[in-house]
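start.pdb follows (PDB, C-alpha atoms, pLDDT in the B column):
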ATOM      1  CA  MET Q   1     -10.991 -15.500  27.428  1.00 45.00           C
ATOM      2  CA  THR Q   2     -10.839 -12.850  24.715  1.00 46.00           C
ATOM      3  CA  PRO Q   3     -12.116 -13.728  21.206  1.00 51.00           C
ATOM      4  CA  ALA Q   4      -9.449 -13.813  18.496  1.00 50.00           C
ATOM      5  CA  ALA Q   5     -11.067 -10.891  16.682  1.00 50.00           C
ATOM      6  CA  LEU Q   6     -10.332  -8.628  19.653  1.00 46.00           C
ATOM      7  CA  GLN Q   7      -6.678  -9.613  20.009  1.00 47.00           C
ATOM      8  CA  THR Q   8      -3.995  -7.251  18.719  1.00 47.00           C
ATOM      9  CA  PRO Q   9      -0.876  -8.641  17.020  1.00 50.00           C
ATOM     10  CA  PHE Q  10       0.901  -8.430  20.377  1.00 48.00           C
ATOM     11  CA  GLY Q  11      -1.730 -10.362  22.315  1.00 49.00           C
ATOM     12  CA  ARG Q  12      -3.307  -7.409  24.135  1.00 49.00           C
ATOM     13  CA  THR Q  13      -7.052  -7.076  24.175  1.00 48.00           C
ATOM     14  CA  ALA Q  14      -8.191  -4.427  21.727  1.00 49.00           C
ATOM     15  CA  THR Q  15     -10.459  -1.864  23.317  1.00 50.00           C
ATOM     16  CA  PRO Q  16     -13.093  -0.122  21.179  1.00 49.00           C
ATOM     17  CA  LEU Q  17     -10.871   2.979  21.186  1.00 49.00           C
ATOM     18  CA  ARG Q  18      -7.942   0.976  19.785  1.00 51.00           C
ATOM     19  CA  LEU Q  19     -10.152  -0.691  17.162  1.00 46.00           C
ATOM     20  CA  GLN Q  20     -11.262   2.707  15.863  1.00 50.00           C
ATOM     21  CA  ARG Q  21      -7.715   3.285  14.638  1.00 53.00           C
ATOM     22  CA  TYR Q  22      -8.028   0.448  12.137  1.00 51.00           C
ATOM     23  CA  ALA Q  23     -10.352   0.123   9.191  1.00 49.00           C
ATOM     24  CA  PRO Q  24     -13.245  -2.246  10.060  1.00 51.00           C
ATOM     25  CA  HIS Q  25     -12.086  -4.917   7.610  1.00 50.00           C
ATOM     26  CA  LEU Q  26      -8.577  -4.889   9.136  1.00 46.00           C
ATOM     27  CA  ALA Q  27      -9.580  -4.756  12.798  1.00 45.00           C
ATOM     28  CA  ALA Q  28     -11.172  -8.202  12.790  1.00 47.00           C
ATOM     29  CA  THR Q  29      -8.225  -9.862  11.041  1.00 44.00           C
ATOM     30  CA  LEU Q  30      -5.131  -8.446  12.737  1.00 43.00           C
ATOM     31  CA  THR Q  31      -3.974 -11.815  14.038  1.00 40.00           C
ATOM     32  CA  HIS Q  32      -4.511 -13.973  10.951  1.00 42.00           C
ATOM     33  CA  GLY Q  33      -1.726 -14.524   8.411  1.00 45.00           C
ATOM     34  CA  ARG Q  34       0.826 -12.086   7.079  1.00 52.00           C
ATOM     35  CA  ARG Q  35      -0.970 -11.092   3.869  1.00 56.00           C
ATOM     36  CA  PRO Q  36      -3.146  -7.979   3.777  1.00 59.00           C
ATOM     37  CA  PRO Q  37      -6.806  -8.270   2.793  1.00 57.00           C
ATOM     38  CA  LEU Q  38      -7.880  -7.409  -0.733  1.00 55.00           C
ATOM     39  CA  PRO Q  39      -8.358  -3.635  -0.917  1.00 56.00           C
ATOM     40  CA  SER Q  40     -11.953  -2.528  -1.429  1.00 66.00           C
ATOM     41  CA  ALA Q  41     -10.892   0.802  -2.990  1.00 75.00           C
ATOM     42  CA  ARG Q  42      -9.854   1.023  -6.627  1.00 85.00           C
ATOM     43  CA  TYR Q  43      -6.443   2.604  -5.946  1.00 91.00           C
ATOM     44  CA  VAL Q  44      -4.412   1.727  -2.852  1.00 89.00           C
ATOM     45  CA  LEU Q  45      -0.885   2.367  -1.619  1.00 92.00           C
ATOM     46  CA  LEU Q  46       0.331  -0.380   0.717  1.00 90.00           C
ATOM     47  CA  PRO Q  47       3.419   0.922   2.578  1.00 91.00           C
ATOM     48  CA  LYS Q  48       4.182  -2.620   3.772  1.00 88.00           C
ATOM     49  CA  LEU Q  49       2.688  -6.004   3.025  1.00 83.00           C
ATOM     50  CA  ASP Q  50       1.521  -6.871   6.519  1.00 82.00           C
ATOM     51  CA  ASN Q  51      -1.626  -6.700   8.633  1.00 79.00           C
ATOM     52  CA  VAL Q  52      -0.497  -3.894  10.910  1.00 84.00           C
ATOM     53  CA  THR Q  53       0.320  -1.094   8.473  1.00 85.00           C
ATOM     54  CA  LYS Q  54      -2.838   0.667   7.358  1.00 87.00           C
ATOM     55  CA  PRO Q  55      -3.197   0.958   3.572  1.00 86.00           C
ATOM     56  CA  LYS Q  56      -3.888   4.362   2.025  1.00 91.00           C
ATOM     57  CA  ALA Q  57      -6.948   4.311  -0.238  1.00 90.00           C
ATOM     58  CA  PHE Q  58      -7.586   6.854  -2.995  1.00 92.00           C
ATOM     59  CA  PRO Q  59     -10.699   7.564  -5.074  1.00 91.00           C
ATOM     60  CA  THR Q  60      -8.722   8.301  -8.267  1.00 92.00           C
ATOM     61  CA  LEU Q  61      -5.425   7.414  -9.856  1.00 94.00           C
ATOM     62  CA  ALA Q  62      -4.491  11.111  -9.863  1.00 94.00           C
ATOM     63  CA  ALA Q  63      -4.870  11.253  -6.069  1.00 94.00           C
ATOM     64  CA  LEU Q  64      -2.625   8.196  -5.658  1.00 95.00           C
ATOM     65  CA  ALA Q  65      -0.006   9.737  -7.964  1.00 95.00           C
ATOM     66  CA  ALA Q  66      -0.140  13.033  -6.022  1.00 95.00           C
ATOM     67  CA  CYS Q  67       0.516  11.148  -2.767  1.00 95.00           C
ATOM     68  CA  ILE Q  68       3.519   9.341  -4.283  1.00 95.00           C
ATOM     69  CA  GLU Q  69       4.773  12.683  -5.644  1.00 94.00           C
ATOM     70  CA  ARG Q  70       4.602  14.235  -2.143  1.00 94.00           C
ATOM     71  CA  GLU Q  71       6.350  11.288  -0.496  1.00 94.00           C
ATOM     72  CA  ARG Q  72       9.212  11.138  -2.978  1.00 92.00           C
ATOM     73  CA  GLY Q  73      10.225  14.751  -2.490  1.00 88.00           C
ATOM     74  CA  ALA Q  74      12.987  15.617  -4.957  1.00 86.00           C
ATOM     75  CA  GLN Q  75      14.208  12.022  -5.359  1.00 91.00           C
ATOM     76  CA  ALA Q  76      13.907  10.026  -8.556  1.00 93.00           C
ATOM     77  CA  LEU Q  77      11.506   7.101  -8.682  1.00 94.00           C
ATOM     78  CA  HIS Q  78      12.033   3.494  -9.706  1.00 95.00           C
ATOM     79  CA  LEU Q  79       8.854   1.591 -10.585  1.00 95.00           C
ATOM     80  CA  VAL Q  80       8.931  -2.200 -10.564  1.00 94.00           C
ATOM     81  CA  GLU Q  81       5.994  -4.147 -11.969  1.00 93.00           C
ATOM     82  CA  VAL Q  82       5.005  -6.985  -9.630  1.00 91.00           C
ATOM     83  CA  GLU Q  83       2.602  -9.738 -10.492  1.00 87.00           C
ATOM     84  CA  ASP Q  84       2.708 -11.722  -7.283  1.00 82.00           C
ATOM     85  CA  LEU Q  85       0.732  -9.675  -4.767  1.00 79.00           C
ATOM     86  CA  GLU Q  86      -1.257 -12.027  -2.573  1.00 78.00           C
ATOM     87  CA  PHE Q  87      -4.318 -11.008  -0.603  1.00 72.00           C
ATOM     88  CA  ARG Q  88      -5.908 -13.006   2.182  1.00 70.00           C
ATOM     89  CA  ASP Q  89      -9.104 -14.926   1.393  1.00 70.00           C
ATOM     90  CA  VAL Q  90      -8.647 -14.380  -2.374  1.00 71.00           C
ATOM     91  CA  SER Q  91      -6.995 -17.021  -4.499  1.00 76.00           C
ATOM     92  CA  GLY Q  92      -4.547 -16.099  -7.193  1.00 80.00           C
ATOM     93  CA  LEU Q  93      -1.839 -13.531  -7.704  1.00 83.00           C
ATOM     94  CA  HIS Q  94      -2.538  -9.856  -8.387  1.00 83.00           C
ATOM     95  CA  ARG Q  95      -0.711  -7.199 -10.373  1.00 89.00           C
ATOM     96  CA  GLY Q  96       0.692  -3.986  -8.904  1.00 89.00           C
ATOM     97  CA  VAL Q  97       3.689  -1.651  -8.880  1.00 93.00           C
ATOM     98  CA  GLN Q  98       6.468  -1.470  -6.324  1.00 94.00           C
ATOM     99  CA  VAL Q  99       7.528   2.185  -5.868  1.00 95.00           C
ATOM    100  CA  TRP Q 100      11.099   2.989  -4.763  1.00 95.00           C
ATOM    101  CA  THR Q 101      13.020   6.242  -4.437  1.00 95.00           C
ATOM    102  CA  LEU Q 102      16.566   6.357  -5.779  1.00 94.00           C
ATOM    103  CA  ASP Q 103      19.642   7.931  -4.214  1.00 93.00           C
ATOM    104  CA  LEU Q 104      22.266   9.991  -6.076  1.00 92.00           C
ATOM    105  CA  ALA Q 105      24.038   6.830  -7.262  1.00 92.00           C
ATOM    106  CA  ASN Q 106      20.760   5.575  -8.817  1.00 91.00           C
ATOM    107  CA  GLU Q 107      20.433   2.792  -6.258  1.00 93.00           C
ATOM    108  CA  LYS Q 108      17.252   1.922  -4.404  1.00 93.00           C
ATOM    109  CA  ASP Q 109      17.014   4.138  -1.347  1.00 93.00           C
ATOM    110  CA  ARG Q 110      13.572   3.913   0.238  1.00 94.00           C
ATOM    111  CA  LEU Q 111      10.462   1.853  -0.432  1.00 94.00           C
ATOM    112  CA  ILE Q 112       7.410   4.096  -0.680  1.00 95.00           C
ATOM    113  CA  GLY Q 113       5.137   1.100  -1.028  1.00 94.00           C
ATOM    114  CA  TYR Q 114       3.144  -1.142  -3.308  1.00 93.00           C
ATOM    115  CA  ALA Q 115       0.590   0.572  -5.534  1.00 92.00           C
ATOM    116  CA  TRP Q 116      -2.462  -1.552  -6.294  1.00 88.00           C
ATOM    117  CA  LEU Q 117      -4.191  -0.101  -9.353  1.00 89.00           C
ATOM    118  CA  ASN Q 118      -7.272  -2.311  -9.623  1.00 84.00           C
ATOM    119  CA  GLY Q 119      -5.415  -4.938 -11.626  1.00 83.00           C
ATOM    120  CA  ARG Q 120      -3.453  -2.538 -13.837  1.00 88.00           C
ATOM    121  CA  GLY Q 121       0.285  -2.056 -13.784  1.00 89.00           C
ATOM    122  CA  ARG Q 122       3.072   0.362 -14.499  1.00 92.00           C
ATOM    123  CA  GLU Q 123       1.575   1.546 -17.803  1.00 93.00           C
ATOM    124  CA  ALA Q 124      -1.276   3.162 -15.850  1.00 92.00           C
ATOM    125  CA  LEU Q 125       0.863   4.705 -13.098  1.00 94.00           C
ATOM    126  CA  GLU Q 126       3.591   6.362 -15.203  1.00 95.00           C
ATOM    127  CA  PRO Q 127       1.368   8.903 -17.018  1.00 95.00           C
ATOM    128  CA  ALA Q 128      -0.405   9.759 -13.764  1.00 94.00           C
ATOM    129  CA  LEU Q 129       2.948  10.397 -12.058  1.00 94.00           C
ATOM    130  CA  ARG Q 130       4.072  12.641 -14.933  1.00 94.00           C
ATOM    131  CA  GLN Q 131       0.872  14.659 -14.610  1.00 94.00           C
ATOM    132  CA  ALA Q 132       1.248  14.885 -10.808  1.00 93.00           C
ATOM    133  CA  CYS Q 133       4.838  16.140 -11.251  1.00 90.00           C
ATOM    134  CA  ILE Q 134       3.635  18.858 -13.636  1.00 90.00           C
ATOM    135  CA  GLN Q 135       0.866  19.916 -11.241  1.00 89.00           C
ATOM    136  CA  ALA Q 136       3.257  19.977  -8.260  1.00 87.00           C
ATOM    137  CA  ALA Q 137       5.676  22.218 -10.161  1.00 85.00           C
ATOM    138  CA  ALA Q 138       2.941  24.682 -11.134  1.00 79.00           C
TER     139      ALA Q 138
END
For the structure just supplied, provide its representation as C-alpha cells.
Amino acid sequence: MTPAALQTPFGRTATPLRLQRYAPHLAATLTHGRRPPLPSARYVLLPKLDNVTKPKAFPTLAALAACIERERGAQALHLVEVEDLEFRDVSGLHRGVQVWTLDLANEKDRLIGYAWLNGRGREALEPALRQACIQAAA
C-alpha cells in the first residue's frame, strides 16, 4: 500500500521523478483539501486556487508586477481586492488581489491569477504595475 504522501491527485503513485516537478511543500500535500498551502515567499502569483497548479514565487514586488505585465500582453487589467483567501493549515482569511484581463468591451476576459502580497492589497500592486508598464515600454 502506498502512503498518502506519495499519491498524486489521480491516485497514481508518485515516483521521485514526478515529485521533483512540485515544490517540496506541495508534493507531500497533493491529496489533502482544495486550498493551497500558505506561500513561504513574500510575493506569489497563484494561477488557480488548487493543489495541482504550482504557484509562482517572486523575491520582489517589481518582479511580480513584471510577470503580470508580460502575461497581460496589450490587454487592460482589472484588479479586484479579495479578503477571503484561505490557506491550508492556517486559520483565518488573508488579503490579496485577483488579476483579470479585460476584452475590448471592458468585460472580464481571462483570469491571470491571485496575487498574494504578504498581506497587502491593491494599493501596493497598482504602483508596481505602473512602473512595470513604463519599464516594458522603454
Evaluate the PyMOL selection byres ((chain Q and resi 56) around 8) here and jot the selected residues down as a PyMOL selection string. chain Q and resi 44-46+54-55+57-58
Would you kindly return, as a PDB file with C-alpha atoms, keeping the file's coordinate frame, each protein, DNA or RNA residue with an atom no farther than 10 Å from any atom of stretch 104-116 of chain Q, considering all atoms listed in the file and excluding same-chain residues fewer than 6 positions away?
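Result file part-v5.pdb:
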ATOM      1  CA  LEU Q  38      -7.880  -7.409  -0.733  1.00 55.00           C
ATOM      2  CA  PRO Q  39      -8.358  -3.635  -0.917  1.00 56.00           C
ATOM      3  CA  ALA Q  41     -10.892   0.802  -2.990  1.00 75.00           C
ATOM      4  CA  ARG Q  42      -9.854   1.023  -6.627  1.00 85.00           C
ATOM      5  CA  TYR Q  43      -6.443   2.604  -5.946  1.00 91.00           C
ATOM      6  CA  VAL Q  44      -4.412   1.727  -2.852  1.00 89.00           C
ATOM      7  CA  LEU Q  45      -0.885   2.367  -1.619  1.00 92.00           C
ATOM      8  CA  LEU Q  46       0.331  -0.380   0.717  1.00 90.00           C
ATOM      9  CA  PRO Q  47       3.419   0.922   2.578  1.00 91.00           C
ATOM     10  CA  LYS Q  48       4.182  -2.620   3.772  1.00 88.00           C
ATOM     11  CA  LEU Q  49       2.688  -6.004   3.025  1.00 83.00           C
ATOM     12  CA  PRO Q  55      -3.197   0.958   3.572  1.00 86.00           C
ATOM     13  CA  LYS Q  56      -3.888   4.362   2.025  1.00 91.00           C
ATOM     14  CA  ALA Q  57      -6.948   4.311  -0.238  1.00 90.00           C
ATOM     15  CA  LEU Q  64      -2.625   8.196  -5.658  1.00 95.00           C
ATOM     16  CA  ALA Q  65      -0.006   9.737  -7.964  1.00 95.00           C
ATOM     17  CA  ILE Q  68       3.519   9.341  -4.283  1.00 95.00           C
ATOM     18  CA  GLU Q  71       6.350  11.288  -0.496  1.00 94.00           C
ATOM     19  CA  ARG Q  72       9.212  11.138  -2.978  1.00 92.00           C
ATOM     20  CA  GLN Q  75      14.208  12.022  -5.359  1.00 91.00           C
ATOM     21  CA  ALA Q  76      13.907  10.026  -8.556  1.00 93.00           C
ATOM     22  CA  LEU Q  77      11.506   7.101  -8.682  1.00 94.00           C
ATOM     23  CA  HIS Q  78      12.033   3.494  -9.706  1.00 95.00           C
ATOM     24  CA  LEU Q  79       8.854   1.591 -10.585  1.00 95.00           C
ATOM     25  CA  VAL Q  80       8.931  -2.200 -10.564  1.00 94.00           C
ATOM     26  CA  GLU Q  81       5.994  -4.147 -11.969  1.00 93.00           C
ATOM     27  CA  VAL Q  82       5.005  -6.985  -9.630  1.00 91.00           C
ATOM     28  CA  LEU Q  85       0.732  -9.675  -4.767  1.00 79.00           C
ATOM     29  CA  HIS Q  94      -2.538  -9.856  -8.387  1.00 83.00           C
ATOM     30  CA  ARG Q  95      -0.711  -7.199 -10.373  1.00 89.00           C
ATOM     31  CA  GLY Q  96       0.692  -3.986  -8.904  1.00 89.00           C
ATOM     32  CA  VAL Q  97       3.689  -1.651  -8.880  1.00 93.00           C
ATOM     33  CA  GLN Q  98       6.468  -1.470  -6.324  1.00 94.00           C
ATOM     34  CA  ARG Q 122       3.072   0.362 -14.499  1.00 92.00           C
ATOM     35  CA  LEU Q 125       0.863   4.705 -13.098  1.00 94.00           C
TER      36      LEU Q 125
END
Atom CA of Q:Gly119 and atom CA of Q:Glu83, how far apart in Å?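 If I compute the distance from atom CA of Q:Glu83 to atom CA of Q:Gly119, I get 9.4 Å.
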Dig up all the protein and nucleic acid residues within 9 Å of (-2.5, 14.2, -12.7) in the file frame, using only C-alpha atoms, and format them as a PyMOL selection string. chain Q and resi 61-63+65-66+127-135
Based on the selection just made, write C-alpha atoms of those residues as a short mmCIF file (atom, residue, chain, number, x, y, z; two decimals), in the coordinates of the input.
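Result file follows (again-v9.cif):
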data_model
loop_
_atom_site.label_atom_id
_atom_site.label_comp_id
_atom_site.auth_asym_id
_atom_site.auth_seq_id
_atom_site.Cartn_x
_atom_site.Cartn_y
_atom_site.Cartn_z
CA LEU Q 61 -5.42 7.41 -9.86
CA ALA Q 62 -4.49 11.11 -9.86
CA ALA Q 63 -4.87 11.25 -6.07
CA ALA Q 65 -0.01 9.74 -7.96
CA ALA Q 66 -0.14 13.03 -6.02
CA PRO Q 127 1.37 8.90 -17.02
CA ALA Q 128 -0.40 9.76 -13.76
CA LEU Q 129 2.95 10.40 -12.06
CA ARG Q 130 4.07 12.64 -14.93
CA GLN Q 131 0.87 14.66 -14.61
CA ALA Q 132 1.25 14.88 -10.81
CA CYS Q 133 4.84 16.14 -11.25
CA ILE Q 134 3.64 18.86 -13.64
CA GLN Q 135 0.87 19.92 -11.24
#
